[in-house]
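Below is query_24.csv, which holds CSV, N, CA and C atoms.
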chain,number,residue,atom,x,y,z
P,1160,MET,N,96.6,-1.6,-133.3
P,1160,MET,CA,96.6,-2.9,-132.7
P,1160,MET,C,95.2,-3.5,-132.9
P,1161,MET,N,95.1,-4.7,-133.2
P,1161,MET,CA,93.8,-5.4,-133.5
P,1161,MET,C,93.2,-5.9,-132.2
P,1162,SER,N,91.9,-5.8,-132.1
P,1162,SER,CA,91.2,-6.4,-130.9
P,1162,SER,C,91.0,-7.9,-131.2
P,1163,LYS,N,90.7,-8.6,-130.1
P,1163,LYS,CA,90.5,-10.0,-130.2
P,1163,LYS,C,89.3,-10.3,-131.1
P,1164,LYS,N,88.3,-9.5,-131.1
P,1164,LYS,CA,87.1,-9.7,-131.9
P,1164,LYS,C,87.4,-9.6,-133.4
P,1165,SER,N,88.1,-8.5,-133.8
P,1165,SER,CA,88.4,-8.4,-135.2
P,1165,SER,C,89.4,-9.4,-135.6
P,1166,LYS,N,90.3,-9.8,-134.8
P,1166,LYS,CA,91.3,-10.9,-135.1
P,1166,LYS,C,90.6,-12.2,-135.3
P,1167,GLY,N,89.6,-12.5,-134.5
P,1167,GLY,CA,88.8,-13.7,-134.6
P,1167,GLY,C,88.0,-13.7,-135.9
P,1168,GLN,N,87.4,-12.6,-136.3
P,1168,GLN,CA,86.7,-12.5,-137.5
P,1168,GLN,C,87.6,-12.6,-138.7
P,1169,GLY,N,88.8,-12.1,-138.6
P,1169,GLY,CA,89.8,-12.3,-139.7
P,1169,GLY,C,90.1,-13.8,-139.9
P,1170,ASN,N,90.3,-14.5,-138.8
P,1170,ASN,CA,90.6,-15.9,-138.9
P,1170,ASN,C,89.5,-16.7,-139.5
P,1171,GLU,N,88.2,-16.4,-139.1
P,1171,GLU,CA,87.1,-17.0,-139.7
P,1171,GLU,C,87.0,-16.8,-141.2
P,1172,PHE,N,87.3,-15.6,-141.6
P,1172,PHE,CA,87.2,-15.2,-143.0
P,1172,PHE,C,88.3,-16.0,-143.8
P,1173,ILE,N,89.5,-16.1,-143.2
P,1173,ILE,CA,90.6,-16.9,-143.9
P,1173,ILE,C,90.2,-18.3,-144.0
P,1174,ARG,N,89.6,-18.9,-142.9
P,1174,ARG,CA,89.2,-20.3,-142.9
P,1174,ARG,C,88.1,-20.6,-143.9
P,1175,ALA,N,87.1,-19.6,-144.0
P,1175,ALA,CA,86.1,-19.8,-145.0
P,1175,ALA,C,86.6,-19.7,-146.4
P,1176,MET,N,87.5,-18.8,-146.7
P,1176,MET,CA,88.0,-18.6,-148.0
P,1176,MET,C,88.9,-19.8,-148.4
P,1177,SER,N,89.6,-20.4,-147.4
P,1177,SER,CA,90.4,-21.6,-147.8
P,1177,SER,C,89.5,-22.8,-148.1
P,1178,LEU,N,88.4,-22.9,-147.3
P,1178,LEU,CA,87.5,-24.0,-147.6
P,1178,LEU,C,86.8,-23.8,-149.0
P,1179,LEU,N,86.4,-22.6,-149.3
P,1179,LEU,CA,85.8,-22.4,-150.6
P,1179,LEU,C,86.8,-22.6,-151.7
P,1180,THR,N,88.1,-22.2,-151.5
P,1180,THR,CA,89.1,-22.5,-152.5
P,1180,THR,C,89.3,-24.0,-152.7
P,1181,GLN,N,89.4,-24.7,-151.6
P,1181,GLN,CA,89.6,-26.2,-151.7
P,1181,GLN,C,88.4,-26.8,-152.4
P,1182,ILE,N,87.2,-26.4,-152.1
P,1182,ILE,CA,86.1,-27.0,-152.8
P,1182,ILE,C,86.2,-26.7,-154.3
P,1183,GLY,N,86.5,-25.5,-154.7
P,1183,GLY,CA,86.6,-25.1,-156.1
P,1183,GLY,C,87.6,-25.9,-156.8
P,1184,ILE,N,88.8,-26.0,-156.2
P,1184,ILE,CA,89.9,-26.7,-156.9
P,1184,ILE,C,89.5,-28.2,-157.0
P,1185,THR,N,88.9,-28.8,-156.0
P,1185,THR,CA,88.5,-30.2,-156.1
P,1185,THR,C,87.4,-30.4,-157.2
P,1186,ILE,N,86.5,-29.5,-157.3
P,1186,ILE,CA,85.5,-29.6,-158.4
P,1186,ILE,C,86.2,-29.6,-159.8
P,1187,VAL,N,87.0,-28.6,-160.0
P,1187,VAL,CA,87.7,-28.5,-161.3
P,1187,VAL,C,88.6,-29.7,-161.5
P,1188,ALA,N,89.3,-30.2,-160.5
P,1188,ALA,CA,90.2,-31.3,-160.7
P,1188,ALA,C,89.4,-32.6,-161.0
P,1189,CYS,N,88.3,-32.8,-160.3
P,1189,CYS,CA,87.5,-34.0,-160.6
P,1189,CYS,C,87.0,-34.0,-162.0
P,1190,ILE,N,86.4,-32.9,-162.4
P,1190,ILE,CA,85.8,-32.8,-163.8
P,1190,ILE,C,86.9,-32.9,-164.8
P,1191,GLY,N,88.0,-32.2,-164.5
P,1191,GLY,CA,89.2,-32.2,-165.5
P,1191,GLY,C,89.8,-33.5,-165.7
P,1192,VAL,N,89.9,-34.3,-164.6
P,1192,VAL,CA,90.5,-35.7,-164.7
P,1192,VAL,C,89.5,-36.5,-165.5
P,1193,GLY,N,88.2,-36.4,-165.3
P,1193,GLY,CA,87.2,-37.1,-166.0
P,1193,GLY,C,87.3,-36.8,-167.5
P,1194,ILE,N,87.4,-35.6,-167.9
P,1194,ILE,CA,87.5,-35.2,-169.3
P,1194,ILE,C,88.7,-35.7,-169.9
P,1195,PHE,N,89.9,-35.5,-169.2
P,1195,PHE,CA,91.1,-36.0,-169.8
P,1195,PHE,C,91.1,-37.5,-170.0
P,1196,LEU,N,90.7,-38.2,-169.0
P,1196,LEU,CA,90.6,-39.7,-169.0
P,1196,LEU,C,89.7,-40.1,-170.2
P,1197,GLY,N,88.5,-39.5,-170.3
P,1197,GLY,CA,87.6,-39.9,-171.4
P,1197,GLY,C,88.2,-39.6,-172.7
P,1198,TRP,N,88.9,-38.4,-172.9
P,1198,TRP,CA,89.5,-38.1,-174.2
P,1198,TRP,C,90.6,-39.1,-174.5
P,1199,PHE,N,91.4,-39.4,-173.5
P,1199,PHE,CA,92.5,-40.3,-173.7
P,1199,PHE,C,92.0,-41.7,-174.1
P,1200,LEU,N,91.0,-42.2,-173.4
P,1200,LEU,CA,90.5,-43.5,-173.7
P,1200,LEU,C,89.8,-43.5,-175.1
P,1201,ASP,N,89.1,-42.4,-175.4
P,1201,ASP,CA,88.5,-42.4,-176.7
P,1201,ASP,C,89.5,-42.4,-177.9
P,1202,ASN,N,90.6,-41.7,-177.7
P,1202,ASN,CA,91.7,-41.8,-178.7
P,1202,ASN,C,92.3,-43.2,-178.7
P,1203,LEU,N,92.4,-43.8,-177.6
P,1203,LEU,CA,93.1,-45.1,-177.5
P,1203,LEU,C,92.2,-46.2,-178.2
P,1204,PHE,N,90.9,-46.2,-177.9
P,1204,PHE,CA,90.0,-47.3,-178.4
P,1204,PHE,C,89.2,-46.8,-179.6
P,1205,ASP,N,89.3,-45.6,-180.0
P,1205,ASP,CA,88.6,-45.0,-181.1
P,1205,ASP,C,87.1,-45.2,-180.9
P,1206,THR,N,86.6,-44.7,-179.8
P,1206,THR,CA,85.2,-44.8,-179.4
P,1206,THR,C,84.5,-43.4,-179.3
P,1207,SER,N,85.1,-42.4,-179.9
P,1207,SER,CA,84.6,-41.1,-179.7
P,1207,SER,C,83.2,-40.9,-180.0
P,1208,PRO,N,82.4,-40.2,-179.2
P,1208,PRO,CA,82.6,-39.5,-178.0
P,1208,PRO,C,82.2,-40.2,-176.8
P,1209,TRP,N,81.9,-41.5,-176.8
P,1209,TRP,CA,81.2,-42.2,-175.8
P,1209,TRP,C,82.0,-42.2,-174.5
P,1210,LEU,N,83.2,-42.6,-174.5
P,1210,LEU,CA,84.0,-42.6,-173.2
P,1210,LEU,C,84.2,-41.2,-172.7
P,1211,LEU,N,84.3,-40.2,-173.5
P,1211,LEU,CA,84.5,-38.9,-173.0
P,1211,LEU,C,83.2,-38.5,-172.2
P,1212,LEU,N,82.0,-38.8,-172.8
P,1212,LEU,CA,80.8,-38.5,-172.1
P,1212,LEU,C,80.7,-39.2,-170.8
P,1213,VAL,N,81.0,-40.5,-170.8
P,1213,VAL,CA,80.9,-41.3,-169.6
P,1213,VAL,C,81.8,-40.8,-168.5
P,1214,CYS,N,83.1,-40.6,-168.9
P,1214,CYS,CA,84.1,-40.2,-167.9
P,1214,CYS,C,83.8,-38.8,-167.4
P,1215,THR,N,83.2,-37.9,-168.2
P,1215,THR,CA,82.9,-36.6,-167.8
P,1215,THR,C,81.7,-36.7,-166.7
P,1216,LEU,N,80.7,-37.5,-167.0
P,1216,LEU,CA,79.7,-37.7,-166.0
P,1216,LEU,C,80.2,-38.3,-164.7
P,1217,LEU,N,81.1,-39.2,-164.8
P,1217,LEU,CA,81.7,-39.8,-163.6
P,1217,LEU,C,82.5,-38.7,-162.8
P,1218,GLY,N,83.2,-37.8,-163.5
P,1218,GLY,CA,83.9,-36.7,-162.9
P,1218,GLY,C,83.0,-35.8,-162.2
P,1219,ILE,N,81.8,-35.5,-162.8
P,1219,ILE,CA,80.8,-34.6,-162.2
P,1219,ILE,C,80.3,-35.3,-161.0
P,1220,GLY,N,80.0,-36.6,-161.0
P,1220,GLY,CA,79.5,-37.3,-159.9
P,1220,GLY,C,80.5,-37.3,-158.7
P,1221,ALA,N,81.8,-37.5,-159.1
P,1221,ALA,CA,82.9,-37.4,-158.1
P,1221,ALA,C,83.0,-36.0,-157.4
P,1222,ALA,N,82.7,-35.0,-158.2
P,1222,ALA,CA,82.7,-33.6,-157.7
P,1222,ALA,C,81.6,-33.4,-156.7
P,1223,PHE,N,80.4,-33.9,-157.1
P,1223,PHE,CA,79.3,-33.8,-156.1
P,1223,PHE,C,79.5,-34.6,-154.8
P,1224,LYS,N,80.1,-35.8,-155.0
P,1224,LYS,CA,80.4,-36.6,-153.8
P,1224,LYS,C,81.4,-35.8,-152.9
P,1225,SER,N,82.4,-35.2,-153.5
P,1225,SER,CA,83.3,-34.4,-152.7
P,1225,SER,C,82.7,-33.2,-152.0
P,1226,ILE,N,81.7,-32.6,-152.7
P,1226,ILE,CA,81.0,-31.5,-152.0
P,1226,ILE,C,80.2,-32.0,-150.8
P,1227,PHE,N,79.6,-33.1,-150.9
P,1227,PHE,CA,78.8,-33.7,-149.8
P,1227,PHE,C,79.8,-34.1,-148.7
P,1228,ASP,N,80.9,-34.6,-149.0
P,1228,ASP,CA,81.9,-35.0,-148.0
P,1228,ASP,C,82.4,-33.8,-147.3
P,1229,PHE,N,82.7,-32.7,-148.0
P,1229,PHE,CA,83.1,-31.4,-147.3
P,1229,PHE,C,82.0,-30.9,-146.4
P,1230,ALA,N,80.7,-31.0,-146.8
P,1230,ALA,CA,79.6,-30.6,-146.0
P,1230,ALA,C,79.5,-31.4,-144.7
P,1231,LYS,N,79.7,-32.7,-144.8
P,1231,LYS,CA,79.7,-33.6,-143.6
P,1231,LYS,C,80.8,-33.2,-142.6
P,1232,LYS,N,82.0,-32.8,-143.2
P,1232,LYS,CA,83.1,-32.5,-142.4
P,1232,LYS,C,82.9,-31.2,-141.6
P,1233,ILE,N,82.2,-30.3,-142.2
P,1233,ILE,CA,81.9,-29.0,-141.5
P,1233,ILE,C,80.8,-29.3,-140.5
Show me this structure written as structure tokens.
Amino acid sequence: MMSKKSKGQGNEFIRAMSLLTQIGITIVACIGVGIFLGWFLDNLFDTSPWLLLVCTLLGIGAAFKSIFDFAKKI
């Protein structure tokens, strides 16, 4: 049988792991969408590699903004 202290520590660990997972998935998704959008627009408008670079940088910026938003929420 688990004591209340160990059960509380388990819940904190699960909460921390879920937050870290959410942050990681958000970072990968933001950058991935930026790369895909830049690649697609480069192929559409034949501007390689400029739109890929711009959209990748925008994706990285969106990832940083998401990290700061998560930090505010905590």
Q: Go through P:Ser1177, P:Asn1170, P:Thr1185, P:Ser1207 one by one, measure the shortest atom-to-atom distance of each to P:Asp1228 using only C-alpha atoms, and give the residue with the smallest value.
A: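 For P:Asp1228, the nearest of the given residues is P:Thr1185.
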Q | Distance query P:Cys1189 at most 7 Å, all atoms listed in the file, self and fewer than 2 positions along chain excluded, as JSON, numbers by chain | A | {"P": [1184, 1185, 1186, 1187, 1191, 1192, 1193, 1194, 1217, 1218, 1219, 1221, 1222]}
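The space separating atom CA of P:Leu1200 from atom C of P:Gln1181 comes to 27.1 Å.
Atom CA of P:Ile1190 lies 19.0 Å from atom CA of P:Ala1230.
The gap separating atom CA of P:Ala1188 from atom CA of P:Val1213 is 16.3 Å, in Å to one decimal.
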Q: Kindly indicate which residue among P:Phe1204, P:Ile1182, P:Phe1199, P:Leu1211 lies nearest to P:Ile1226, using only C-alpha atoms for the distances.
A: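 Checking each candidate against P:Ile1226, we get P:Ile1182 as the closest.
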Q | Within 8 Å of P:Pro1208 using all atoms listed in the file, minus same-chain residues under 6 positions, as number ranges by chain | A | P: 1197-1198, 1201, 1214
Selected residues written out, N, CA and C atoms, as a CSV table (one decimal), in the frame of the given file:
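Contents of again.csv, freshly written:
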chain,number,residue,atom,x,y,z
P,1197,GLY,N,88.5,-39.5,-170.3
P,1197,GLY,CA,87.6,-39.9,-171.4
P,1197,GLY,C,88.2,-39.6,-172.7
P,1198,TRP,N,88.9,-38.4,-172.9
P,1198,TRP,CA,89.5,-38.1,-174.2
P,1198,TRP,C,90.6,-39.1,-174.5
P,1201,ASP,N,89.1,-42.4,-175.4
P,1201,ASP,CA,88.5,-42.4,-176.7
P,1201,ASP,C,89.5,-42.4,-177.9
P,1214,CYS,N,83.1,-40.6,-168.9
P,1214,CYS,CA,84.1,-40.2,-167.9
P,1214,CYS,C,83.8,-38.8,-167.4
